[in-house]
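start_2.pdb (PDB, C-alpha atoms)
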```pdb
ATOM      1  CA  MET A  20       0.000   0.000   0.000  1.00  0.00           C
ATOM      2  CA  ALA A  21       1.312   3.469  -0.880  1.00  0.00           C
ATOM      3  CA  PHE A  22       1.111   5.605   2.246  1.00  0.00           C
ATOM      4  CA  ALA A  23       1.080   9.397   1.996  1.00  0.00           C
ATOM      5  CA  PRO A  24       3.634  11.590   3.804  1.00  0.00           C
ATOM      6  CA  VAL A  25       2.044  13.407   6.727  1.00  0.00           C
ATOM      7  CA  PRO A  26       2.231  16.923   8.180  1.00  0.00           C
ATOM      8  CA  ARG A  27       4.581  17.516  11.088  1.00  0.00           C
ATOM      9  CA  SER A  28       1.741  18.248  13.538  1.00  0.00           C
ATOM     10  CA  SER A  29       0.287  15.156  15.246  1.00  0.00           C
ATOM     11  CA  VAL A  30       2.424  12.899  13.072  1.00  0.00           C
ATOM     12  CA  SER A  31       1.742   9.864  15.251  1.00  0.00           C
ATOM     13  CA  ASP A  32      -2.020  10.382  14.812  1.00  0.00           C
ATOM     14  CA  HIS A  33      -1.684  10.356  11.039  1.00  0.00           C
ATOM     15  CA  VAL A  34       0.529   7.281  10.994  1.00  0.00           C
ATOM     16  CA  PHE A  35      -1.854   5.527  13.356  1.00  0.00           C
ATOM     17  CA  GLY A  36      -4.897   6.463  11.253  1.00  0.00           C
ATOM     18  CA  GLN A  37      -3.487   5.331   7.939  1.00  0.00           C
ATOM     19  CA  ILE A  38      -2.244   1.987   9.227  1.00  0.00           C
ATOM     20  CA  ARG A  39      -5.502   1.436  11.141  1.00  0.00           C
ATOM     21  CA  ASP A  40      -7.551   2.014   7.993  1.00  0.00           C
ATOM     22  CA  ALA A  41      -5.278  -0.280   5.990  1.00  0.00           C
ATOM     23  CA  ILE A  42      -5.858  -3.056   8.530  1.00  0.00           C
ATOM     24  CA  VAL A  43      -9.619  -2.574   8.951  1.00  0.00           C
ATOM     25  CA  SER A  44     -10.207  -2.304   5.185  1.00  0.00           C
ATOM     26  CA  GLY A  45      -8.268  -5.520   4.555  1.00  0.00           C
ATOM     27  CA  VAL A  46      -5.184  -4.151   2.821  1.00  0.00           C
ATOM     28  CA  TYR A  47      -3.202  -5.970   5.502  1.00  0.00           C
ATOM     29  CA  ARG A  48      -4.539  -9.431   6.292  1.00  0.00           C
ATOM     30  CA  PRO A  49      -4.478 -11.199   9.672  1.00  0.00           C
ATOM     31  CA  ASP A  50      -1.025 -12.574  10.546  1.00  0.00           C
ATOM     32  CA  GLU A  51       0.606 -10.490   7.799  1.00  0.00           C
ATOM     33  CA  ALA A  52       3.743  -8.629   8.869  1.00  0.00           C
ATOM     34  CA  LEU A  53       3.797  -4.849   8.701  1.00  0.00           C
ATOM     35  CA  PRO A  54       6.893  -3.130   7.306  1.00  0.00           C
ATOM     36  CA  GLY A  55       9.562  -2.505   9.931  1.00  0.00           C
ATOM     37  CA  GLU A  56       9.778   0.709  11.939  1.00  0.00           C
ATOM     38  CA  ARG A  57      12.630   2.076   9.824  1.00  0.00           C
ATOM     39  CA  GLU A  58      10.748   1.448   6.562  1.00  0.00           C
ATOM     40  CA  LEU A  59       7.516   2.921   7.910  1.00  0.00           C
ATOM     41  CA  ALA A  60       9.343   5.995   9.176  1.00  0.00           C
ATOM     42  CA  ALA A  61      10.906   6.541   5.752  1.00  0.00           C
ATOM     43  CA  THR A  62       7.598   5.971   3.949  1.00  0.00           C
ATOM     44  CA  PHE A  63       5.668   8.412   6.136  1.00  0.00           C
ATOM     45  CA  GLY A  64       8.514  10.895   6.376  1.00  0.00           C
ATOM     46  CA  VAL A  65       8.494  10.864  10.186  1.00  0.00           C
ATOM     47  CA  ASN A  66      10.845   9.748  12.931  1.00  0.00           C
ATOM     48  CA  ARG A  67      10.774   6.270  14.387  1.00  0.00           C
ATOM     49  CA  HIS A  68       9.361   7.513  17.687  1.00  0.00           C
ATOM     50  CA  ALA A  69       6.146   8.560  15.894  1.00  0.00           C
ATOM     51  CA  VAL A  70       5.912   5.140  14.244  1.00  0.00           C
ATOM     52  CA  ARG A  71       6.563   3.375  17.543  1.00  0.00           C
ATOM     53  CA  GLU A  72       3.818   5.391  19.262  1.00  0.00           C
ATOM     54  CA  ALA A  73       1.358   4.601  16.463  1.00  0.00           C
ATOM     55  CA  LEU A  74       2.147   0.884  16.684  1.00  0.00           C
ATOM     56  CA  ARG A  75       1.685   0.969  20.460  1.00  0.00           C
ATOM     57  CA  ARG A  76      -1.812   2.436  20.023  1.00  0.00           C
ATOM     58  CA  LEU A  77      -2.662  -0.102  17.325  1.00  0.00           C
ATOM     59  CA  GLN A  78      -1.620  -2.882  19.698  1.00  0.00           C
ATOM     60  CA  GLN A  79      -3.800  -1.459  22.485  1.00  0.00           C
ATOM     61  CA  LEU A  80      -6.800  -1.583  20.135  1.00  0.00           C
ATOM     62  CA  GLY A  81      -6.170  -5.206  19.233  1.00  0.00           C
ATOM     63  CA  LEU A  82      -5.112  -4.528  15.650  1.00  0.00           C
ATOM     64  CA  VAL A  83      -1.493  -5.699  15.779  1.00  0.00           C
ATOM     65  CA  ARG A  84       0.848  -7.787  17.891  1.00  0.00           C
ATOM     66  CA  VAL A  85       4.197  -6.104  18.476  1.00  0.00           C
ATOM     67  CA  SER A  86       7.107  -8.459  19.203  1.00  0.00           C
ATOM     68  CA  GLN A  87      10.322  -7.116  20.660  1.00  0.00           C
ATOM     69  CA  GLY A  88      12.996  -7.654  18.025  1.00  0.00           C
ATOM     70  CA  GLY A  89      10.525  -9.390  15.704  1.00  0.00           C
ATOM     71  CA  ALA A  90       7.934  -8.499  13.114  1.00  0.00           C
ATOM     72  CA  THR A  91       4.770  -6.585  13.967  1.00  0.00           C
ATOM     73  CA  ARG A  92       1.936  -8.803  12.801  1.00  0.00           C
ATOM     74  CA  VAL A  93      -1.652  -7.888  11.994  1.00  0.00           C
ATOM     75  CA  LEU A  94      -4.406  -9.350  14.169  1.00  0.00           C
ATOM     76  CA  ASP A  95      -7.927 -10.096  12.985  1.00  0.00           C
ATOM     77  CA  TRP A  96      -9.781  -7.014  14.286  1.00  0.00           C
ATOM     78  CA  ARG A  97     -13.092  -8.890  14.133  1.00  0.00           C
ATOM     79  CA  VAL A  98     -11.712 -11.223  16.795  1.00  0.00           C
ATOM     80  CA  HIS A  99      -9.459  -8.978  18.895  1.00  0.00           C
ATOM     81  CA  ALA A 100     -10.831  -5.406  18.710  1.00  0.00           C
ATOM     82  CA  GLY A 101     -13.650  -3.958  20.811  1.00  0.00           C
ATOM     83  CA  LEU A 102     -15.827  -0.870  20.766  1.00  0.00           C
ATOM     84  CA  ASP A 103     -12.783   1.144  21.779  1.00  0.00           C
ATOM     85  CA  LEU A 104     -11.752   0.885  18.106  1.00  0.00           C
ATOM     86  CA  ALA A 105     -14.736   3.071  17.199  1.00  0.00           C
ATOM     87  CA  LEU A 106     -14.314   5.224  20.296  1.00  0.00           C
ATOM     88  CA  SER A 107     -10.728   6.016  19.346  1.00  0.00           C
ATOM     89  CA  LEU A 108     -11.725   7.759  16.123  1.00  0.00           C
ATOM     90  CA  THR A 109     -14.025  10.481  17.415  1.00  0.00           C
ATOM     91  CA  ARG A 110     -11.223  12.758  18.594  1.00  0.00           C
ATOM     92  CA  PHE A 111     -10.124  12.970  14.950  1.00  0.00           C
ATOM     93  CA  HIS A 112     -13.687  13.386  13.578  1.00  0.00           C
ATOM     94  CA  ASP A 113     -13.022  10.216  11.624  1.00  0.00           C
ATOM     95  CA  THR A 114     -15.044   7.081  10.918  1.00  0.00           C
ATOM     96  CA  LEU A 115     -14.159   3.453  10.450  1.00  0.00           C
ATOM     97  CA  PRO A 116     -13.896   2.407   6.790  1.00  0.00           C
ATOM     98  CA  VAL A 117     -16.788  -0.058   7.137  1.00  0.00           C
ATOM     99  CA  ASP A 118     -19.671   0.573   4.749  1.00  0.00           C
ATOM    100  CA  THR A 119     -22.348  -0.901   7.025  1.00  0.00           C
ATOM    101  CA  LEU A 120     -21.249   0.719  10.280  1.00  0.00           C
ATOM    102  CA  VAL A 121     -24.150   3.181  10.598  1.00  0.00           C
ATOM    103  CA  ARG A 122     -26.588   0.333  10.036  1.00  0.00           C
ATOM    104  CA  ASP A 123     -24.664  -1.841  12.491  1.00  0.00           C
ATOM    105  CA  MET A 124     -24.802   0.773  15.240  1.00  0.00           C
ATOM    106  CA  LEU A 125     -28.525   1.374  14.634  1.00  0.00           C
ATOM    107  CA  GLU A 126     -29.030  -2.371  15.070  1.00  0.00           C
ATOM    108  CA  MET A 127     -27.014  -2.264  18.291  1.00  0.00           C
ATOM    109  CA  ARG A 128     -29.128   0.659  19.494  1.00  0.00           C
ATOM    110  CA  ALA A 129     -32.298  -1.306  18.766  1.00  0.00           C
ATOM    111  CA  CYS A 130     -31.070  -4.393  20.634  1.00  0.00           C
ATOM    112  CA  ILE A 131     -30.173  -2.379  23.720  1.00  0.00           C
ATOM    113  CA  GLY A 132     -33.329  -0.267  23.603  1.00  0.00           C
ATOM    114  CA  VAL A 133     -35.716  -3.190  23.290  1.00  0.00           C
ATOM    115  CA  ASP A 134     -34.311  -5.020  26.287  1.00  0.00           C
ATOM    116  CA  ALA A 135     -33.884  -1.829  28.300  1.00  0.00           C
ATOM    117  CA  ALA A 136     -37.582  -1.042  27.780  1.00  0.00           C
ATOM    118  CA  ARG A 137     -38.515  -4.546  28.951  1.00  0.00           C
ATOM    119  CA  LEU A 138     -36.313  -4.284  32.033  1.00  0.00           C
ATOM    120  CA  CYS A 139     -37.505  -0.770  32.860  1.00  0.00           C
ATOM    121  CA  ALA A 140     -41.097  -2.003  32.805  1.00  0.00           C
ATOM    122  CA  GLU A 141     -40.083  -4.670  35.330  1.00  0.00           C
ATOM    123  CA  ARG A 142     -37.683  -2.654  37.484  1.00  0.00           C
ATOM    124  CA  GLY A 143     -38.475   1.032  37.082  1.00  0.00           C
ATOM    125  CA  ASP A 144     -39.377   2.851  40.287  1.00  0.00           C
ATOM    126  CA  PRO A 145     -42.168   5.455  40.556  1.00  0.00           C
ATOM    127  CA  ALA A 146     -39.776   8.373  40.030  1.00  0.00           C
ATOM    128  CA  VAL A 147     -38.495   6.866  36.770  1.00  0.00           C
ATOM    129  CA  ARG A 148     -42.031   6.146  35.574  1.00  0.00           C
ATOM    130  CA  ALA A 149     -43.105   9.730  36.265  1.00  0.00           C
ATOM    131  CA  ALA A 150     -40.046  11.075  34.450  1.00  0.00           C
ATOM    132  CA  ILE A 151     -40.847   8.895  31.420  1.00  0.00           C
ATOM    133  CA  LEU A 152     -44.385  10.259  31.231  1.00  0.00           C
ATOM    134  CA  ARG A 153     -43.132  13.846  31.405  1.00  0.00           C
ATOM    135  CA  ALA A 154     -40.443  13.193  28.816  1.00  0.00           C
ATOM    136  CA  VAL A 155     -42.780  11.623  26.271  1.00  0.00           C
ATOM    137  CA  GLU A 156     -45.164  14.581  26.461  1.00  0.00           C
ATOM    138  CA  GLU A 157     -42.323  17.073  26.115  1.00  0.00           C
ATOM    139  CA  TYR A 158     -41.162  15.147  23.037  1.00  0.00           C
ATOM    140  CA  ALA A 159     -44.706  15.089  21.590  1.00  0.00           C
ATOM    141  CA  GLY A 160     -45.024  18.838  22.005  1.00  0.00           C
ATOM    142  CA  LEU A 161     -42.068  19.438  19.686  1.00  0.00           C
ATOM    143  CA  ALA A 162     -43.638  17.824  16.602  1.00  0.00           C
ATOM    144  CA  PRO A 163     -42.904  18.145  13.723  1.00  0.00           C
ATOM    145  CA  ASP A 164     -39.443  19.576  14.509  1.00  0.00           C
ATOM    146  CA  LEU A 165     -37.240  16.553  13.760  1.00  0.00           C
ATOM    147  CA  ALA A 166     -34.113  17.991  15.360  1.00  0.00           C
ATOM    148  CA  GLY A 167     -35.957  18.961  18.531  1.00  0.00           C
ATOM    149  CA  MET A 168     -37.772  15.646  18.677  1.00  0.00           C
ATOM    150  CA  GLY A 169     -34.477  13.828  18.249  1.00  0.00           C
ATOM    151  CA  GLU A 170     -33.019  15.611  21.279  1.00  0.00           C
ATOM    152  CA  ALA A 171     -36.174  14.936  23.278  1.00  0.00           C
ATOM    153  CA  THR A 172     -36.102  11.211  22.522  1.00  0.00           C
ATOM    154  CA  ILE A 173     -32.585  11.085  23.962  1.00  0.00           C
ATOM    155  CA  VAL A 174     -34.001  12.380  27.245  1.00  0.00           C
ATOM    156  CA  LEU A 175     -36.839   9.859  27.091  1.00  0.00           C
ATOM    157  CA  TRP A 176     -34.546   6.941  26.341  1.00  0.00           C
ATOM    158  CA  ARG A 177     -32.090   8.002  29.024  1.00  0.00           C
ATOM    159  CA  HIS A 178     -34.854   7.582  31.605  1.00  0.00           C
ATOM    160  CA  ILE A 179     -35.781   4.194  30.151  1.00  0.00           C
ATOM    161  CA  VAL A 180     -32.216   2.897  30.004  1.00  0.00           C
ATOM    162  CA  ALA A 181     -31.408   4.203  33.477  1.00  0.00           C
ATOM    163  CA  GLY A 182     -34.628   2.643  34.751  1.00  0.00           C
ATOM    164  CA  SER A 183     -33.582  -0.723  33.350  1.00  0.00           C
ATOM    165  CA  GLY A 184     -30.962  -0.958  36.079  1.00  0.00           C
ATOM    166  CA  ASN A 185     -28.388  -2.296  33.598  1.00  0.00           C
ATOM    167  CA  THR A 186     -25.118  -0.400  33.893  1.00  0.00           C
ATOM    168  CA  ALA A 187     -23.650  -1.896  30.710  1.00  0.00           C
ATOM    169  CA  TYR A 188     -26.666  -0.706  28.710  1.00  0.00           C
ATOM    170  CA  LEU A 189     -26.341   2.759  30.240  1.00  0.00           C
ATOM    171  CA  LEU A 190     -22.654   3.035  29.336  1.00  0.00           C
ATOM    172  CA  ALA A 191     -23.329   1.889  25.776  1.00  0.00           C
ATOM    173  CA  PHE A 192     -26.223   4.362  25.524  1.00  0.00           C
ATOM    174  CA  ASN A 193     -23.974   7.186  26.731  1.00  0.00           C
ATOM    175  CA  SER A 194     -21.408   6.337  24.057  1.00  0.00           C
ATOM    176  CA  LEU A 195     -24.043   6.230  21.325  1.00  0.00           C
ATOM    177  CA  VAL A 196     -25.755   9.523  22.144  1.00  0.00           C
ATOM    178  CA  ALA A 197     -22.520  11.396  22.896  1.00  0.00           C
ATOM    179  CA  GLY A 198     -21.221  10.663  19.418  1.00  0.00           C
ATOM    180  CA  ALA A 199     -18.402   8.693  20.993  1.00  0.00           C
ATOM    181  CA  LEU A 200     -18.759   5.858  18.496  1.00  0.00           C
ATOM    182  CA  ALA A 201     -17.255   6.810  15.159  1.00  0.00           C
ATOM    183  CA  VAL A 202     -20.114   5.899  12.857  1.00  0.00           C
ATOM    184  CA  GLY A 203     -20.593   9.221  11.098  1.00  0.00           C
ATOM    185  CA  GLU A 204     -23.626  11.479  11.350  1.00  0.00           C
ATOM    186  CA  VAL A 205     -27.089   9.929  11.217  1.00  0.00           C
ATOM    187  CA  PRO A 206     -29.306  12.750   9.910  1.00  0.00           C
ATOM    188  CA  PRO A 207     -32.746  13.179  11.531  1.00  0.00           C
ATOM    189  CA  GLN A 208     -34.344  12.423   8.141  1.00  0.00           C
ATOM    190  CA  ARG A 209     -32.943   8.901   8.365  1.00  0.00           C
ATOM    191  CA  ARG A 210     -34.982   8.504  11.561  1.00  0.00           C
ATOM    192  CA  ALA A 211     -38.065  10.429  10.421  1.00  0.00           C
ATOM    193  CA  ALA A 212     -40.431   7.450  10.636  1.00  0.00           C
ATOM    194  CA  GLU A 213     -39.275   6.794  14.198  1.00  0.00           C
ATOM    195  CA  LEU A 214     -39.158  10.378  15.416  1.00  0.00           C
ATOM    196  CA  LEU A 215     -42.556  11.384  14.020  1.00  0.00           C
ATOM    197  CA  ASP A 216     -44.350   8.388  15.507  1.00  0.00           C
ATOM    198  CA  VAL A 217     -45.753  10.201  18.519  1.00  0.00           C
ATOM    199  CA  ALA A 218     -48.422   7.545  19.067  1.00  0.00           C
ATOM    200  CA  GLY A 219     -45.776   4.824  19.132  1.00  0.00           C
ATOM    201  CA  HIS A 220     -43.714   6.670  21.719  1.00  0.00           C
ATOM    202  CA  ARG A 221     -46.787   7.174  23.876  1.00  0.00           C
ATOM    203  CA  ARG A 222     -47.614   3.471  23.643  1.00  0.00           C
ATOM    204  CA  LEU A 223     -44.030   2.685  24.650  1.00  0.00           C
ATOM    205  CA  ALA A 224     -44.182   5.014  27.648  1.00  0.00           C
ATOM    206  CA  ASP A 225     -47.559   3.635  28.731  1.00  0.00           C
ATOM    207  CA  ALA A 226     -46.336   0.047  28.514  1.00  0.00           C
ATOM    208  CA  VAL A 227     -43.247   0.856  30.578  1.00  0.00           C
ATOM    209  CA  VAL A 228     -45.006   2.822  33.316  1.00  0.00           C
ATOM    210  CA  THR A 229     -47.766   0.229  33.672  1.00  0.00           C
ATOM    211  CA  GLY A 230     -45.251  -2.599  33.963  1.00  0.00           C
ATOM    212  CA  ARG A 231     -46.170  -4.448  30.754  1.00  0.00           C
ATOM    213  CA  ALA A 232     -42.714  -5.714  29.861  1.00  0.00           C
ATOM    214  CA  ALA A 233     -43.593  -7.668  26.704  1.00  0.00           C
ATOM    215  CA  ASP A 234     -45.596  -4.755  25.304  1.00  0.00           C
ATOM    216  CA  ALA A 235     -42.785  -2.337  26.132  1.00  0.00           C
ATOM    217  CA  ALA A 236     -40.291  -4.500  24.240  1.00  0.00           C
ATOM    218  CA  ARG A 237     -42.641  -4.766  21.249  1.00  0.00           C
ATOM    219  CA  GLU A 238     -43.230  -1.001  21.055  1.00  0.00           C
ATOM    220  CA  ALA A 239     -39.508  -0.284  21.453  1.00  0.00           C
ATOM    221  CA  ARG A 240     -38.680  -2.732  18.658  1.00  0.00           C
ATOM    222  CA  ALA A 241     -41.204  -1.114  16.320  1.00  0.00           C
ATOM    223  CA  LEU A 242     -39.732   2.341  16.946  1.00  0.00           C
ATOM    224  CA  LEU A 243     -36.042   1.496  16.919  1.00  0.00           C
ATOM    225  CA  THR A 244     -36.108  -0.716  13.852  1.00  0.00           C
ATOM    226  CA  ALA A 245     -37.968   1.878  11.765  1.00  0.00           C
ATOM    227  CA  PRO A 246     -34.710   3.561  10.594  1.00  0.00           C
ATOM    228  CA  LEU A 247     -33.509   0.135   9.445  1.00  0.00           C
ATOM    229  CA  THR A 248     -36.609  -0.746   7.429  1.00  0.00           C
ATOM    230  CA  THR A 249     -37.935   2.601   6.191  1.00  0.00           C
ATOM    231  CA  PRO A 250     -36.102   4.470   3.398  1.00  0.00           C
ATOM    232  CA  ALA A 251     -35.032   7.998   4.304  1.00  0.00           C
ATOM    233  CA  ALA A 252     -37.597  10.521   3.166  1.00  0.00           C
ATOM    234  CA  ALA A 253     -38.318  14.210   3.445  1.00  0.00           C
ATOM    235  CA  PRO A 254     -39.867  15.141   6.796  1.00  0.00           C
ATOM    236  CA  ARG A 255     -43.659  15.040   6.894  1.00  0.00           C
ATOM    237  CA  ARG A 256     -45.682  18.060   7.905  1.00  0.00           C
ATOM    238  CA  GLU A 257     -47.584  16.344  10.711  1.00  0.00           C
ATOM    239  CA  ALA A 258     -46.745  13.762  13.307  1.00  0.00           C
ATOM    240  CA  ARG A 259     -48.886  10.790  14.167  1.00  0.00           C
ATOM    241  CA  ALA A 260     -50.491  11.378  17.532  1.00  0.00           C
TER     242      ALA A 260
END
```
Could you write out this structure as structure tokens?
Amino acid sequence: MAFAPVPRSSVSDHVFGQIRDAIVSGVYRPDEALPGERELAATFGVNRHAVREALRRLQQLGLVRVSQGGATRVLDWRVHAGLDLALSLTRFHDTLPVDTLVRDMLEMRACIGVDAARLCAERGDPAVRAAILRAVEEYAGLAPDLAGMGEATIVLWRHIVAGSGNTAYLLAFNSLVAGALAVGEVPPQRRAAELLDVAGHRRLADAVVTGRAADAAREARALLTAPLTTPAAAPRREARA
């Protein structure tokens, strides 16, 4: 692969990013040896310290195995890498070179949301239930402003996920809504069918606050899978109440 020379500022970041993308996109295959530090430094036009730092970060993410005095070999990122691979990109406003990543993260969001709604219906205390009812009405009052409704659904879902009592779900939710996972921007229009379904959100809230776990999971699934099954379209003038 022909790497491009990099600017002198943040040289390690650029080396790291280019090698990372080469590994994730399959230019370098699992167990293949990367060029040595000296060759990489010459190719990128940087010093060996910058290359060494980039390789250290790649090893921390599970992309390579660095052997003292031996070759640096590529690991299969599908086996060894975790969500920190996506988390690592946001500071550079970058995204992973995976064509389906937005879809994949929307599917992850749906899986977490469906089970969180079920658990919240079973575990949510009165304070959480009251907060969910307030949040769904505040969201409904913003129709048909997609951007405003999108922000309001984050508040609603935060109450639901927190009410589920599952810390892992809450941490994953925080990463998703904070833009900490490098999946690129998902425009509100992509989620128009979900965001404008006021009736669906009210059914979800009612199922959660009345403790109907199966109904809560069903309503959450209908809402959160809408961006995966409905083509993006121009926003409608009215929301379904």
For this session: Name the residues that the PyMOL selection byres ((chain A and resi 43) around 12) pulls out of this structure, and write them as an MDAnalysis selection string.
Result: chainID A and resid 36:42 44:49 77 80:83 93:100 104:105 114:118
For this session: Just say which residues the PyMOL selection byres ((chain A and resi 239-248) around 7) picks in this file, as a ChimeraX atom specification.
Result: /A:122,129,132-133,136,209-210,212-213,219,223,235-238,249-250
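Here atom CA of A:Arg76 and atom CA of A:Thr62 stand 19.0 Å from one another.
Among the candidate residues A:Ala52, A:Ser31, A:Tyr188, A:Leu125, the one lying nearest to A:Leu138 is A:Tyr188, with distances computed using only C-alpha atoms.
Each of A:Gly184, A:Gly101, A:Glu156, A:Ala218 was checked against A:Ala171 using only C-alpha atoms; the smallest atom-to-atom distance is that of A:Glu156.
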Exercise. Written as a PyMOL selection string, what is the full residue list that the PyMOL selection byres ((chain A and resi 65-71) around 9) yields on the file shown?
Worked result: chain A and resi 24-27+29-32+34-35+56-57+59-64+72-76
Would you save the residues of that selection, restricted to C-alpha atoms, as a tab-separated table (two decimals), keeping the file's coordinate frame?
```
chain	number	residue	atom	x	y	z
A	24	PRO	CA	3.63	11.59	3.80
A	25	VAL	CA	2.04	13.41	6.73
A	26	PRO	CA	2.23	16.92	8.18
A	27	ARG	CA	4.58	17.52	11.09
A	29	SER	CA	0.29	15.16	15.25
A	30	VAL	CA	2.42	12.90	13.07
A	31	SER	CA	1.74	9.86	15.25
A	32	ASP	CA	-2.02	10.38	14.81
A	34	VAL	CA	0.53	7.28	10.99
A	35	PHE	CA	-1.85	5.53	13.36
A	56	GLU	CA	9.78	0.71	11.94
A	57	ARG	CA	12.63	2.08	9.82
A	59	LEU	CA	7.52	2.92	7.91
A	60	ALA	CA	9.34	6.00	9.18
A	61	ALA	CA	10.91	6.54	5.75
A	62	THR	CA	7.60	5.97	3.95
A	63	PHE	CA	5.67	8.41	6.14
A	64	GLY	CA	8.51	10.90	6.38
A	72	GLU	CA	3.82	5.39	19.26
A	73	ALA	CA	1.36	4.60	16.46
A	74	LEU	CA	2.15	0.88	16.68
A	75	ARG	CA	1.68	0.97	20.46
A	76	ARG	CA	-1.81	2.44	20.02
```
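Counting only C-alpha atoms and comparing A:Val121, A:Ala140, A:Thr91, A:Pro145, the residue that lies closest to A:Ile179 is A:Ala140.
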For this session: For atom CA of A:Ala187 and atom CA of A:Ala232, quote the distance in Å rounded to one decimal.
Result: 19.5 Å
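When atom CA of A:Ala90 is paired with atom CA of A:Pro54, their separation reads 8.0 Å.
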